[in-house]
Amino acid sequence: MSKRIVILGGGIGGLVAANRLRKKLAREHEVILVDRKTRHEFNPSFLWVLTGEREVPQICKDLQLLEKKGIQYLNAEVQNIDVTNKQVKTSVKNISYDFLVIALGAELSPQSIPGLSDSGYNLYQLEEIPKLRDFIKGFTSGTLAILVCKLPFKCPAAPYESALLMDYLLREKGLRDKIEIKLFTPEGIPMKVAGLKIGEAVKQMLREREIVFNPNQQLTSIDPKKKEVHFKDKKENFDLLVYVPPHKIPKVLEKTDLLSESGWVGVNPKTLETKFPRVFALGDAVNIKLPSGLPLPKAGVFAHGEAEIVAKNIVAQVNEEEPRHEFEGKGSCFLEIGYGKAAYATGNFYHEPKAQVKMKGPGRIWHWGKVLFEKWWLWHSF
Ligand SMILES: Cc1cc2nc3c(=O)[nH]c(=O)nc-3n(C[C@H](O)[C@H](O)[C@H](O)COP(=O)(O)OP(=O)(O)OC[C@H]3O[C@@H](n4cnc5c(N)ncnc54)[C@H](O)[C@@H]3O)c2cc1C
């Protein structure tokens with residue numbers, strides 16, 4: 001009997017799941033992907049828009065292109081998920097499913113910090129990045145503050161990459177001695193989940209570029225008029241503010257029974273199945289507690305790996321076979337530093353008693369590794 005698999009979200013996890021399912025399942029089975037956006041935005045390339053190495057259209061793809069592969073695409077807002085009746089309510093129509101894959105990511109919530117939206121540039125909002133790039137072109141002196149508002153946030157490397165890349169841009173213009181760069185974060189060390197050694201290596205990169213690292217900062221508000229960031233125990237002035245906004249669970253998931261005590265979707269860490277059979281969740285919307293007690297980082301590489309496993313196990317179930325594939329917590333990430341170079345961290349985050357991660361580089365080879373991956377992604381996914 002034909003089955004219908006509905007995938008909510010056309011970001012990294014949703015696209016991998018849809019493509020793998022379509023490739024492996026007979027055509028009698030339907031694969032439907034729902035997203036409120038009409039285009040996929042490849043987040044890992046956002047910072048190349050900042051450096052001017054990419055323009056926005058080069059890192060986006062029209063989700064409608066999926067139709068030619070046999071993936072049905074519905075441009076709609078997901079409004080309700082009814083796991084009892086196996087129905088998804090969208091702004092366009094209701095859809096029933098046999099298998100559901102929730103890949104709705106994390107919602108950005110700059111409005112939850114008083115004054116934030118009026119004060120600077122949201123590093124995680126694609127539309128704002130060309131504006132930030134233009135502002136930097138005319139920025140000749142003062143303090144550039146890079147602010148991580150709250151934990152957790154996706155891509156633990158991104159604020160550090162952005163600091164190193166903006167440092168690079170300013171050095172190239174010969175303005176670095178007139179501009180102070182300060183980074184504020186609630187983290188104790190950079191990318192803590194990857195271990196102390198990696199954290200120290202990133203701190204060293206920041207030191208070498210004279211970027212002032214301010215850990216353990218609890219943000220309370222921003223005063224846009226005075227250009228001040230207010231933390232629990234101090235105030236800091238800025239001339240240019242670039243921020244990683246607070247993240248929250250997507251609104252449509254808030255009111256479901258899918259959440260764990262973490263406030264994010266709870267799943268089996270190996271199969272990504274929720275407590276409801278045949279309902280899977282993956283990527284930034286889920287919380288997976290690691291042996292160290294820290295959560296698995298929200299990153300595309302994990303959304304990708306998890307989606308592969310979910311797709312394989314759904315295919316097995318559709319074909320009435322044993323779903324035996326397990327996600328092993330392996331992942332890697334590039335850390336762009338400018339000058340055509342990147343570092344590369346790779347490891348096993350499910351390793352006990354704590355994640356085992358190694359960093360290579362920085363070197364040109366890792367920058368080119370990321371370029372090749374981007375090309376492959378944008379070609380292969382559509
Ligand atoms: C600047 C930046 C750089 C990054 N660099 C890297 C990197 O180098 N490596 C890495 O591994 N990760 C990186 N990431 C993180 C990575 O992009 C995310 O972790 C990844 O995209 C998560 O995938 P996902 O499928 O869970 O969610 P997403 O990719 O966020 O996709 C969620 C989708 O759901 C849709 N959606 C949400 N709610 C609804 C709704 N109610 N109705 C309809 N549609 C909805 C959204 O429109 C979106 O398309 C970076 C992120 C940023 C912002």
# chains A, B, ... in the order shown; residues from 1 in each chain; ligands from 1
call {"tool": "select_by_dssp", "arguments": {"residues": "stretch 36-65 of chain A", "states": "strand (DSSP E or B)", "output": "list in words"}}
result
Arg39, His40, Glu41, Cys60, Lys61 and Asp62 of chain A
call {"tool": "write_last_selection", "arguments": {"atoms": "N, CA, C and O atoms", "output": "compact mmCIF listing (two decimals), in the first residue's frame"}}
result
# COMPACT_ATOMS: atom_id res chain seq x y z
N ARG A 39 12.35 29.77 -0.76
CA ARG A 39 13.71 29.40 -1.15
C ARG A 39 14.46 28.79 0.03
O ARG A 39 14.19 29.12 1.19
N HIS A 40 15.38 27.91 -0.29
CA HIS A 40 16.30 27.37 0.71
C HIS A 40 17.49 28.32 0.80
O HIS A 40 18.06 28.69 -0.23
N GLU A 41 17.84 28.71 2.02
CA GLU A 41 19.00 29.60 2.22
C GLU A 41 20.09 28.76 2.86
O GLU A 41 19.88 28.22 3.95
N CYS A 60 21.19 30.66 -2.44
CA CYS A 60 19.78 30.29 -2.25
C CYS A 60 19.30 29.45 -3.43
O CYS A 60 19.79 29.63 -4.54
N LYS A 61 18.35 28.58 -3.16
CA LYS A 61 17.75 27.78 -4.24
C LYS A 61 16.25 27.75 -4.04
O LYS A 61 15.76 27.64 -2.91
N ASP A 62 15.53 27.82 -5.16
CA ASP A 62 14.08 27.82 -5.16
C ASP A 62 13.58 26.42 -4.76
O ASP A 62 13.92 25.44 -5.43
call {"tool": "residues_near_ligand", "arguments": {"ligand": "ligand 1", "cutoff": "7 Å", "atoms": "only C-alpha atoms and all ligand atoms", "output": "compact mmCIF listing (two decimals) with N, CA and C atoms, in the first residue's frame"}}
result
# COMPACT_ATOMS: atom_id res chain seq x y z
N LEU A 8 8.40 18.43 7.46
CA LEU A 8 8.13 19.83 7.81
C LEU A 8 9.46 20.56 7.89
N GLY A 9 9.68 21.49 6.96
CA GLY A 9 10.92 22.27 6.94
C GLY A 9 11.80 21.90 5.76
N GLY A 10 12.20 22.92 5.01
CA GLY A 10 13.07 22.71 3.84
C GLY A 10 14.44 23.32 4.07
N GLY A 11 14.91 23.21 5.32
CA GLY A 11 16.29 23.62 5.62
C GLY A 11 17.21 22.43 5.38
N ILE A 12 18.32 22.41 6.09
CA ILE A 12 19.33 21.37 5.82
C ILE A 12 18.77 19.97 6.10
N GLY A 13 18.18 19.76 7.28
CA GLY A 13 17.68 18.43 7.63
C GLY A 13 16.54 17.99 6.73
N GLY A 14 15.58 18.87 6.50
CA GLY A 14 14.42 18.53 5.69
C GLY A 14 14.80 18.17 4.27
N VAL A 34 7.05 20.65 3.31
CA VAL A 34 6.32 21.90 3.56
C VAL A 34 7.29 22.94 4.13
N ASP A 35 7.29 24.12 3.57
CA ASP A 35 8.09 25.21 4.15
C ASP A 35 7.38 26.54 3.89
N ARG A 36 7.49 27.44 4.87
CA ARG A 36 6.88 28.77 4.71
C ARG A 36 7.67 29.63 3.73
N LYS A 37 8.94 29.28 3.54
CA LYS A 37 9.78 30.06 2.62
C LYS A 37 9.68 29.47 1.22
N HIS A 40 15.38 27.91 -0.29
CA HIS A 40 16.30 27.37 0.71
C HIS A 40 17.49 28.32 0.80
N PHE A 42 21.23 28.65 2.22
CA PHE A 42 22.29 27.79 2.76
C PHE A 42 23.08 28.57 3.82
N ASN A 43 22.67 28.40 5.07
CA ASN A 43 23.24 29.17 6.19
C ASN A 43 24.77 29.16 6.26
N PRO A 44 25.44 28.01 6.05
CA PRO A 44 26.91 28.02 6.19
C PRO A 44 27.62 28.99 5.25
N SER A 45 26.93 29.47 4.21
CA SER A 45 27.58 30.44 3.31
C SER A 45 27.26 31.90 3.66
N PHE A 46 26.45 32.12 4.71
CA PHE A 46 26.07 33.50 5.06
C PHE A 46 27.31 34.39 5.24
N LEU A 47 28.35 33.83 5.88
CA LEU A 47 29.50 34.68 6.20
C LEU A 47 30.33 35.02 4.96
N ALA A 76 3.78 26.74 2.56
CA ALA A 76 2.73 27.03 3.54
C ALA A 76 3.33 27.11 4.93
N GLU A 77 2.58 27.77 5.80
CA GLU A 77 2.95 27.85 7.22
C GLU A 77 2.39 26.61 7.92
N VAL A 78 3.22 25.90 8.66
CA VAL A 78 2.71 24.78 9.46
C VAL A 78 2.06 25.38 10.70
N GLN A 79 0.77 25.08 10.90
CA GLN A 79 0.04 25.73 11.99
C GLN A 79 -0.27 24.81 13.16
N ALA A 103 11.46 18.97 10.86
CA ALA A 103 12.79 19.58 10.67
C ALA A 103 12.60 21.09 10.57
N LEU A 104 11.96 21.65 11.60
CA LEU A 104 11.55 23.06 11.55
C LEU A 104 12.62 24.01 12.09
N GLY A 105 13.76 23.48 12.49
CA GLY A 105 14.86 24.35 12.93
C GLY A 105 14.56 25.04 14.25
N ALA A 106 15.30 26.10 14.51
CA ALA A 106 15.08 26.93 15.71
C ALA A 106 14.58 28.29 15.24
N GLU A 107 13.69 28.88 16.03
CA GLU A 107 13.17 30.21 15.67
C GLU A 107 14.09 31.27 16.27
N LEU A 123 23.27 38.65 12.66
CA LEU A 123 24.19 37.85 11.85
C LEU A 123 23.51 36.62 11.25
N TYR A 124 22.38 36.21 11.82
CA TYR A 124 21.71 34.98 11.39
C TYR A 124 20.53 35.23 10.46
N LYS A 154 22.65 28.17 17.17
CA LYS A 154 23.13 27.24 16.15
C LYS A 154 24.52 27.65 15.64
N CYS A 155 25.25 26.66 15.22
CA CYS A 155 26.62 26.82 14.74
C CYS A 155 27.52 27.49 15.78
N ALA A 158 30.11 30.06 14.54
CA ALA A 158 29.79 31.23 13.70
C ALA A 158 30.18 32.58 14.32
N PRO A 250 10.34 26.52 17.63
CA PRO A 250 9.33 27.09 16.74
C PRO A 250 7.95 27.09 17.40
N LYS A 251 7.23 28.17 17.18
CA LYS A 251 5.94 28.39 17.85
C LYS A 251 4.98 27.19 17.69
N VAL A 252 4.94 26.63 16.49
CA VAL A 252 3.99 25.54 16.23
C VAL A 252 4.30 24.30 17.09
N LEU A 282 14.40 16.16 13.97
CA LEU A 282 15.86 16.22 13.81
C LEU A 282 16.32 17.67 13.67
N GLY A 283 17.63 17.83 13.75
CA GLY A 283 18.22 19.15 13.53
C GLY A 283 18.05 20.08 14.72
N ASP A 284 17.97 21.36 14.42
CA ASP A 284 17.99 22.38 15.47
C ASP A 284 16.78 22.35 16.39
N ALA A 285 15.69 21.73 15.95
CA ALA A 285 14.47 21.72 16.78
C ALA A 285 14.57 20.73 17.94
N LYS A 298 23.64 22.62 17.89
CA LYS A 298 22.70 22.81 16.78
C LYS A 298 23.56 23.17 15.57
N ALA A 299 23.67 22.25 14.63
CA ALA A 299 24.53 22.49 13.46
C ALA A 299 24.02 21.70 12.27
N GLY A 300 24.28 22.25 11.09
CA GLY A 300 23.81 21.62 9.86
C GLY A 300 24.37 20.21 9.70
N VAL A 301 25.62 20.04 10.13
CA VAL A 301 26.25 18.73 9.94
C VAL A 301 25.48 17.64 10.70
N PHE A 302 24.93 17.99 11.86
CA PHE A 302 24.17 16.99 12.61
C PHE A 302 22.77 16.81 12.02
N ALA A 303 22.15 17.93 11.60
CA ALA A 303 20.84 17.82 10.95
C ALA A 303 20.96 16.90 9.74
N CYS A 333 33.17 20.53 11.40
CA CYS A 333 32.80 21.88 10.96
C CYS A 333 34.04 22.67 10.55
N PHE A 334 33.81 23.60 9.65
CA PHE A 334 34.88 24.49 9.18
C PHE A 334 34.80 25.79 9.96
call {"tool": "residues_around", "arguments": {"residues": "A:Pro269", "least_positions_apart": "3", "cutoff": "12 Å", "atoms": "only C-alpha atoms", "output": "ChimeraX atom specification"}}
result
/A:265-266,272-275,280-283,286-291,295-296,302,305-306,309-310,325-329,349-350
call {"tool": "residues_around", "arguments": {"residues": "A:Asp223", "least_positions_apart": "4", "cutoff": "12 Å", "atoms": "only C-alpha atoms", "output": "PDB file with all heavy atoms, in the first residue's frame"}}
result
ATOM      1  N   ILE A 113      14.861  40.408  23.536  1.00  0.00           N
ATOM      2  CA  ILE A 113      15.822  41.226  24.303  1.00  0.00           C
ATOM      3  C   ILE A 113      15.478  42.697  24.059  1.00  0.00           C
ATOM      4  O   ILE A 113      15.563  43.166  22.911  1.00  0.00           O
ATOM      5  CB  ILE A 113      17.286  40.974  23.839  1.00  0.00           C
ATOM      6  CG1 ILE A 113      17.656  39.496  23.929  1.00  0.00           C
ATOM      7  CG2 ILE A 113      18.270  41.862  24.602  1.00  0.00           C
ATOM      8  CD1 ILE A 113      17.958  38.969  25.301  1.00  0.00           C
ATOM      9  N   PRO A 114      15.102  43.431  25.100  1.00  0.00           N
ATOM     10  CA  PRO A 114      14.715  44.831  24.892  1.00  0.00           C
ATOM     11  C   PRO A 114      15.811  45.625  24.174  1.00  0.00           C
ATOM     12  O   PRO A 114      16.971  45.586  24.574  1.00  0.00           O
ATOM     13  CB  PRO A 114      14.507  45.357  26.326  1.00  0.00           C
ATOM     14  CG  PRO A 114      14.266  44.138  27.158  1.00  0.00           C
ATOM     15  CD  PRO A 114      15.009  43.013  26.505  1.00  0.00           C
ATOM     16  N   GLY A 115      15.409  46.296  23.115  1.00  0.00           N
ATOM     17  CA  GLY A 115      16.318  47.194  22.396  1.00  0.00           C
ATOM     18  C   GLY A 115      17.166  46.534  21.325  1.00  0.00           C
ATOM     19  O   GLY A 115      17.779  47.215  20.504  1.00  0.00           O
ATOM     20  N   LEU A 116      17.201  45.204  21.310  1.00  0.00           N
ATOM     21  CA  LEU A 116      18.155  44.524  20.414  1.00  0.00           C
ATOM     22  C   LEU A 116      17.881  44.790  18.927  1.00  0.00           C
ATOM     23  O   LEU A 116      18.788  45.161  18.177  1.00  0.00           O
ATOM     24  CB  LEU A 116      18.142  43.009  20.695  1.00  0.00           C
ATOM     25  CG  LEU A 116      19.149  42.175  19.902  1.00  0.00           C
ATOM     26  CD1 LEU A 116      20.578  42.562  20.239  1.00  0.00           C
ATOM     27  CD2 LEU A 116      18.950  40.677  20.150  1.00  0.00           C
ATOM     28  N   SER A 117      16.619  44.613  18.518  1.00  0.00           N
ATOM     29  CA  SER A 117      16.307  44.729  17.079  1.00  0.00           C
ATOM     30  C   SER A 117      16.626  46.114  16.525  1.00  0.00           C
ATOM     31  O   SER A 117      16.879  46.258  15.331  1.00  0.00           O
ATOM     32  CB  SER A 117      14.830  44.433  16.827  1.00  0.00           C
ATOM     33  OG  SER A 117      14.481  43.242  17.443  1.00  0.00           O
ATOM     34  N   ASP A 118      16.599  47.144  17.403  1.00  0.00           N
ATOM     35  CA  ASP A 118      16.845  48.513  16.921  1.00  0.00           C
ATOM     36  C   ASP A 118      18.317  48.893  16.980  1.00  0.00           C
ATOM     37  O   ASP A 118      18.676  50.038  16.719  1.00  0.00           O
ATOM     38  CB  ASP A 118      16.085  49.529  17.805  1.00  0.00           C
ATOM     39  CG  ASP A 118      14.629  49.182  17.930  1.00  0.00           C
ATOM     40  OD1 ASP A 118      14.064  48.742  16.912  1.00  0.00           O
ATOM     41  OD2 ASP A 118      14.071  49.330  19.035  1.00  0.00           O
ATOM     42  N   SER A 119      19.165  47.951  17.361  1.00  0.00           N
ATOM     43  CA  SER A 119      20.524  48.368  17.720  1.00  0.00           C
ATOM     44  C   SER A 119      21.637  47.914  16.797  1.00  0.00           C
ATOM     45  O   SER A 119      22.718  48.461  16.834  1.00  0.00           O
ATOM     46  CB  SER A 119      20.865  47.849  19.115  1.00  0.00           C
ATOM     47  OG  SER A 119      19.953  48.334  20.038  1.00  0.00           O
ATOM     48  N   GLY A 120      21.410  46.874  16.038  1.00  0.00           N
ATOM     49  CA  GLY A 120      22.559  46.369  15.279  1.00  0.00           C
ATOM     50  C   GLY A 120      22.128  45.438  14.178  1.00  0.00           C
ATOM     51  O   GLY A 120      21.005  45.511  13.682  1.00  0.00           O
ATOM     52  N   LEU A 219      23.523  38.807  29.192  1.00  0.00           N
ATOM     53  CA  LEU A 219      22.898  39.981  28.574  1.00  0.00           C
ATOM     54  C   LEU A 219      21.535  40.266  29.205  1.00  0.00           C
ATOM     55  O   LEU A 219      20.760  39.345  29.447  1.00  0.00           O
ATOM     56  CB  LEU A 219      22.728  39.689  27.077  1.00  0.00           C
ATOM     57  CG  LEU A 219      22.004  40.729  26.250  1.00  0.00           C
ATOM     58  CD1 LEU A 219      22.813  42.015  26.164  1.00  0.00           C
ATOM     59  CD2 LEU A 219      21.734  40.189  24.847  1.00  0.00           C
ATOM     60  N   LYS A 227      23.763  53.554  22.679  1.00  0.00           N
ATOM     61  CA  LYS A 227      24.635  52.525  22.100  1.00  0.00           C
ATOM     62  C   LYS A 227      25.392  51.784  23.203  1.00  0.00           C
ATOM     63  O   LYS A 227      26.624  51.750  23.232  1.00  0.00           O
ATOM     64  CB  LYS A 227      25.597  53.135  21.081  1.00  0.00           C
ATOM     65  CG  LYS A 227      24.872  53.697  19.870  1.00  0.00           C
ATOM     66  CD  LYS A 227      25.806  53.913  18.727  1.00  0.00           C
ATOM     67  CE  LYS A 227      25.008  54.153  17.471  1.00  0.00           C
ATOM     68  NZ  LYS A 227      25.735  54.047  16.267  1.00  0.00           N
ATOM     69  N   GLU A 228      24.590  51.225  24.101  1.00  0.00           N
ATOM     70  CA  GLU A 228      25.162  50.482  25.226  1.00  0.00           C
ATOM     71  C   GLU A 228      24.560  49.081  25.281  1.00  0.00           C
ATOM     72  O   GLU A 228      23.351  48.919  25.104  1.00  0.00           O
ATOM     73  CB  GLU A 228      24.803  51.163  26.550  1.00  0.00           C
ATOM     74  CG  GLU A 228      25.682  52.326  26.915  1.00  0.00           C
ATOM     75  CD  GLU A 228      25.177  53.026  28.186  1.00  0.00           C
ATOM     76  OE1 GLU A 228      24.168  52.590  28.783  1.00  0.00           O
ATOM     77  OE2 GLU A 228      25.797  54.022  28.540  1.00  0.00           O
ATOM     78  N   VAL A 229      25.416  48.104  25.571  1.00  0.00           N
ATOM     79  CA  VAL A 229      24.932  46.753  25.855  1.00  0.00           C
ATOM     80  C   VAL A 229      24.939  46.612  27.372  1.00  0.00           C
ATOM     81  O   VAL A 229      25.951  46.907  28.012  1.00  0.00           O
ATOM     82  CB  VAL A 229      25.858  45.667  25.259  1.00  0.00           C
ATOM     83  CG1 VAL A 229      25.238  44.287  25.457  1.00  0.00           C
ATOM     84  CG2 VAL A 229      26.115  45.909  23.787  1.00  0.00           C
ATOM     85  N   HIS A 230      23.812  46.187  27.933  1.00  0.00           N
ATOM     86  CA  HIS A 230      23.734  46.024  29.384  1.00  0.00           C
ATOM     87  C   HIS A 230      23.814  44.543  29.735  1.00  0.00           C
ATOM     88  O   HIS A 230      22.993  43.749  29.283  1.00  0.00           O
ATOM     89  CB  HIS A 230      22.417  46.593  29.923  1.00  0.00           C
ATOM     90  CG  HIS A 230      22.314  48.075  29.726  1.00  0.00           C
ATOM     91  ND1 HIS A 230      21.309  48.834  30.268  1.00  0.00           N
ATOM     92  CD2 HIS A 230      23.109  48.952  29.052  1.00  0.00           C
ATOM     93  CE1 HIS A 230      21.479  50.108  29.925  1.00  0.00           C
ATOM     94  NE2 HIS A 230      22.557  50.194  29.179  1.00  0.00           N
ATOM     95  N   PHE A 231      24.813  44.209  30.542  1.00  0.00           N
ATOM     96  CA  PHE A 231      24.932  42.854  31.073  1.00  0.00           C
ATOM     97  C   PHE A 231      24.514  42.892  32.540  1.00  0.00           C
ATOM     98  O   PHE A 231      24.312  43.973  33.101  1.00  0.00           O
ATOM     99  CB  PHE A 231      26.376  42.351  30.937  1.00  0.00           C
ATOM    100  CG  PHE A 231      26.827  42.256  29.507  1.00  0.00           C
ATOM    101  CD1 PHE A 231      27.658  43.224  28.946  1.00  0.00           C
ATOM    102  CD2 PHE A 231      26.415  41.203  28.705  1.00  0.00           C
ATOM    103  CE1 PHE A 231      28.064  43.150  27.625  1.00  0.00           C
ATOM    104  CE2 PHE A 231      26.822  41.119  27.377  1.00  0.00           C
ATOM    105  CZ  PHE A 231      27.649  42.097  26.838  1.00  0.00           C
ATOM    106  N   LYS A 235      28.175  47.539  31.837  1.00  0.00           N
ATOM    107  CA  LYS A 235      27.686  48.096  30.568  1.00  0.00           C
ATOM    108  C   LYS A 235      28.866  48.214  29.618  1.00  0.00           C
ATOM    109  O   LYS A 235      29.986  48.465  30.062  1.00  0.00           O
ATOM    110  CB  LYS A 235      27.149  49.517  30.783  1.00  0.00           C
ATOM    111  CG  LYS A 235      25.870  49.601  31.554  1.00  0.00           C
ATOM    112  CD  LYS A 235      25.507  51.061  31.738  1.00  0.00           C
ATOM    113  CE  LYS A 235      24.407  51.200  32.765  1.00  0.00           C
ATOM    114  NZ  LYS A 235      24.185  52.597  33.144  1.00  0.00           N
ATOM    115  N   GLU A 236      28.606  48.068  28.339  1.00  0.00           N
ATOM    116  CA  GLU A 236      29.669  48.225  27.341  1.00  0.00           C
ATOM    117  C   GLU A 236      29.151  49.086  26.204  1.00  0.00           C
ATOM    118  O   GLU A 236      28.016  48.913  25.761  1.00  0.00           O
ATOM    119  CB  GLU A 236      30.076  46.856  26.778  1.00  0.00           C
ATOM    120  CG  GLU A 236      30.829  45.979  27.746  1.00  0.00           C
ATOM    121  CD  GLU A 236      32.327  46.292  27.826  1.00  0.00           C
ATOM    122  OE1 GLU A 236      32.842  47.019  26.945  1.00  0.00           O
ATOM    123  OE2 GLU A 236      32.963  45.809  28.773  1.00  0.00           O
ATOM    124  N   ASN A 237      29.993  49.985  25.707  1.00  0.00           N
ATOM    125  CA  ASN A 237      29.595  50.837  24.576  1.00  0.00           C
ATOM    126  C   ASN A 237      29.964  50.180  23.252  1.00  0.00           C
ATOM    127  O   ASN A 237      30.895  49.405  23.184  1.00  0.00           O
ATOM    128  CB  ASN A 237      30.318  52.179  24.657  1.00  0.00           C
ATOM    129  CG  ASN A 237      29.771  52.997  25.797  1.00  0.00           C
ATOM    130  OD1 ASN A 237      30.300  52.948  26.901  1.00  0.00           O
ATOM    131  ND2 ASN A 237      28.688  53.698  25.536  1.00  0.00           N
ATOM    132  N   PHE A 238      29.197  50.539  22.236  1.00  0.00           N
ATOM    133  CA  PHE A 238      29.549  50.044  20.896  1.00  0.00           C
ATOM    134  C   PHE A 238      29.251  51.125  19.862  1.00  0.00           C
ATOM    135  O   PHE A 238      28.431  52.019  20.101  1.00  0.00           O
ATOM    136  CB  PHE A 238      28.755  48.776  20.563  1.00  0.00           C
ATOM    137  CG  PHE A 238      27.261  48.983  20.493  1.00  0.00           C
ATOM    138  CD1 PHE A 238      26.649  49.413  19.319  1.00  0.00           C
ATOM    139  CD2 PHE A 238      26.457  48.753  21.603  1.00  0.00           C
ATOM    140  CE1 PHE A 238      25.273  49.604  19.251  1.00  0.00           C
ATOM    141  CE2 PHE A 238      25.080  48.951  21.545  1.00  0.00           C
ATOM    142  CZ  PHE A 238      24.488  49.378  20.370  1.00  0.00           C
ATOM    143  N   LEU A 241      27.137  47.091  16.326  1.00  0.00           N
ATOM    144  CA  LEU A 241      26.768  45.874  17.060  1.00  0.00           C
ATOM    145  C   LEU A 241      26.327  44.793  16.069  1.00  0.00           C
ATOM    146  O   LEU A 241      25.475  45.036  15.209  1.00  0.00           O
ATOM    147  CB  LEU A 241      25.615  46.177  18.023  1.00  0.00           C
ATOM    148  CG  LEU A 241      25.124  44.993  18.860  1.00  0.00           C
ATOM    149  CD1 LEU A 241      26.156  44.605  19.915  1.00  0.00           C
ATOM    150  CD2 LEU A 241      23.798  45.324  19.544  1.00  0.00           C
TER     151      LEU A 241
END
call {"tool": "closest_residue", "arguments": {"among": "A:Ser141, A:Lys354, A:Thr38, A:Arg324", "to": "A:Ala311", "atoms": "only C-alpha atoms"}}
result
A:Arg324
call {"tool": "residues_around", "arguments": {"residues": "A:Gly369", "least_positions_apart": "4", "cutoff": "10 Å", "atoms": "only C-alpha atoms", "output": "CSV table (one decimal) with all heavy atoms, in the first residue's frame"}}
result
chain,number,residue,atom,x,y,z
A,334,PHE,N,33.8,23.6,9.6
A,334,PHE,CA,34.9,24.5,9.2
A,334,PHE,C,34.8,25.8,10.0
A,334,PHE,O,33.7,26.2,10.3
A,334,PHE,CB,34.7,24.8,7.7
A,334,PHE,CG,34.8,23.6,6.8
A,334,PHE,CD1,33.6,23.0,6.4
A,334,PHE,CD2,36.0,23.1,6.4
A,334,PHE,CE1,33.7,21.8,5.5
A,334,PHE,CE2,36.1,22.0,5.6
A,334,PHE,CZ,34.9,21.4,5.1
A,342,ALA,N,40.9,28.3,6.5
A,342,ALA,CA,39.9,27.8,7.5
A,342,ALA,C,40.5,26.8,8.3
A,342,ALA,O,41.5,26.1,7.9
A,342,ALA,CB,38.6,27.3,6.8
A,344,TYR,N,39.5,23.2,10.7
A,344,TYR,CA,38.5,22.1,10.5
A,344,TYR,C,38.5,21.3,11.7
A,344,TYR,O,39.5,20.7,12.2
A,344,TYR,CB,38.9,21.3,9.3
A,344,TYR,CG,38.1,20.1,9.0
A,344,TYR,CD1,36.8,20.3,8.5
A,344,TYR,CD2,38.5,18.8,9.2
A,344,TYR,CE1,36.0,19.2,8.2
A,344,TYR,CE2,37.7,17.7,8.8
A,344,TYR,CZ,36.5,17.9,8.4
A,344,TYR,OH,35.7,16.8,8.1
A,364,ARG,N,44.7,26.6,3.7
A,364,ARG,CA,43.9,26.8,2.5
A,364,ARG,C,43.0,25.6,2.2
A,364,ARG,O,41.9,25.8,1.7
A,364,ARG,CB,44.8,27.2,1.4
A,364,ARG,CG,45.4,28.5,1.5
A,364,ARG,CD,46.2,28.9,0.2
A,364,ARG,NE,46.9,30.1,0.6
A,364,ARG,CZ,46.4,31.3,0.6
A,364,ARG,NH1,45.2,31.5,0.2
A,364,ARG,NH2,47.1,32.4,0.9
A,365,ILE,N,43.5,24.5,2.4
A,365,ILE,CA,42.8,23.2,2.0
A,365,ILE,C,41.4,23.2,2.7
A,365,ILE,O,40.5,22.7,2.0
A,365,ILE,CB,43.7,22.0,2.3
A,365,ILE,CG1,43.0,20.7,1.8
A,365,ILE,CG2,43.9,21.8,3.8
A,365,ILE,CD1,43.9,19.5,1.8
A,373,PHE,N,32.2,21.7,-0.7
A,373,PHE,CA,31.0,21.2,0.0
A,373,PHE,C,29.8,22.0,-0.4
A,373,PHE,O,28.7,21.5,-0.7
A,373,PHE,CB,31.1,21.1,1.5
A,373,PHE,CG,29.8,20.5,2.1
A,373,PHE,CD1,29.6,19.2,2.1
A,373,PHE,CD2,28.9,21.4,2.7
A,373,PHE,CE1,28.4,18.7,2.6
A,373,PHE,CE2,27.7,20.9,3.2
A,373,PHE,CZ,27.5,19.5,3.2
A,374,GLU,N,29.9,23.4,-0.4
A,374,GLU,CA,28.9,24.3,-0.8
A,374,GLU,C,28.4,24.0,-2.2
A,374,GLU,O,27.2,23.9,-2.5
A,374,GLU,CB,29.3,25.7,-0.6
A,374,GLU,CG,28.3,26.8,-1.0
A,374,GLU,CD,28.9,28.0,-1.6
A,374,GLU,OE1,29.9,27.9,-2.4
A,374,GLU,OE2,28.5,29.1,-1.2
call {"tool": "select_by_dssp", "arguments": {"residues": "stretch 103-332 of chain A", "states": "alpha helix (DSSP H)", "output": "number ranges by chain"}}
result
A: 128-137, 158-172, 196-208, 251-254, 300-318
call {"tool": "residues_around", "arguments": {"residues": "A:Glu161", "least_positions_apart": "3", "cutoff": "7 Å", "atoms": "only C-alpha atoms", "output": "ChimeraX atom specification"}}
result
/A:157-158,164-165,335-337
call {"tool": "atom_distance", "arguments": {"atom1": "atom CA of A:Arg4", "atom2": "atom CA of A:Lys270"}}
result
23.3 Å
call {"tool": "atom_distance", "arguments": {"atom1": "atom CA of A:Ala18", "atom2": "atom CA of A:Val88"}}
result
16.9 Å
call {"tool": "closest_residue", "arguments": {"among": "A:Val267, A:Leu259, A:Ala201, A:Leu63", "to": "A:Asn75", "atoms": "only C-alpha atoms"}}
result
A:Leu63
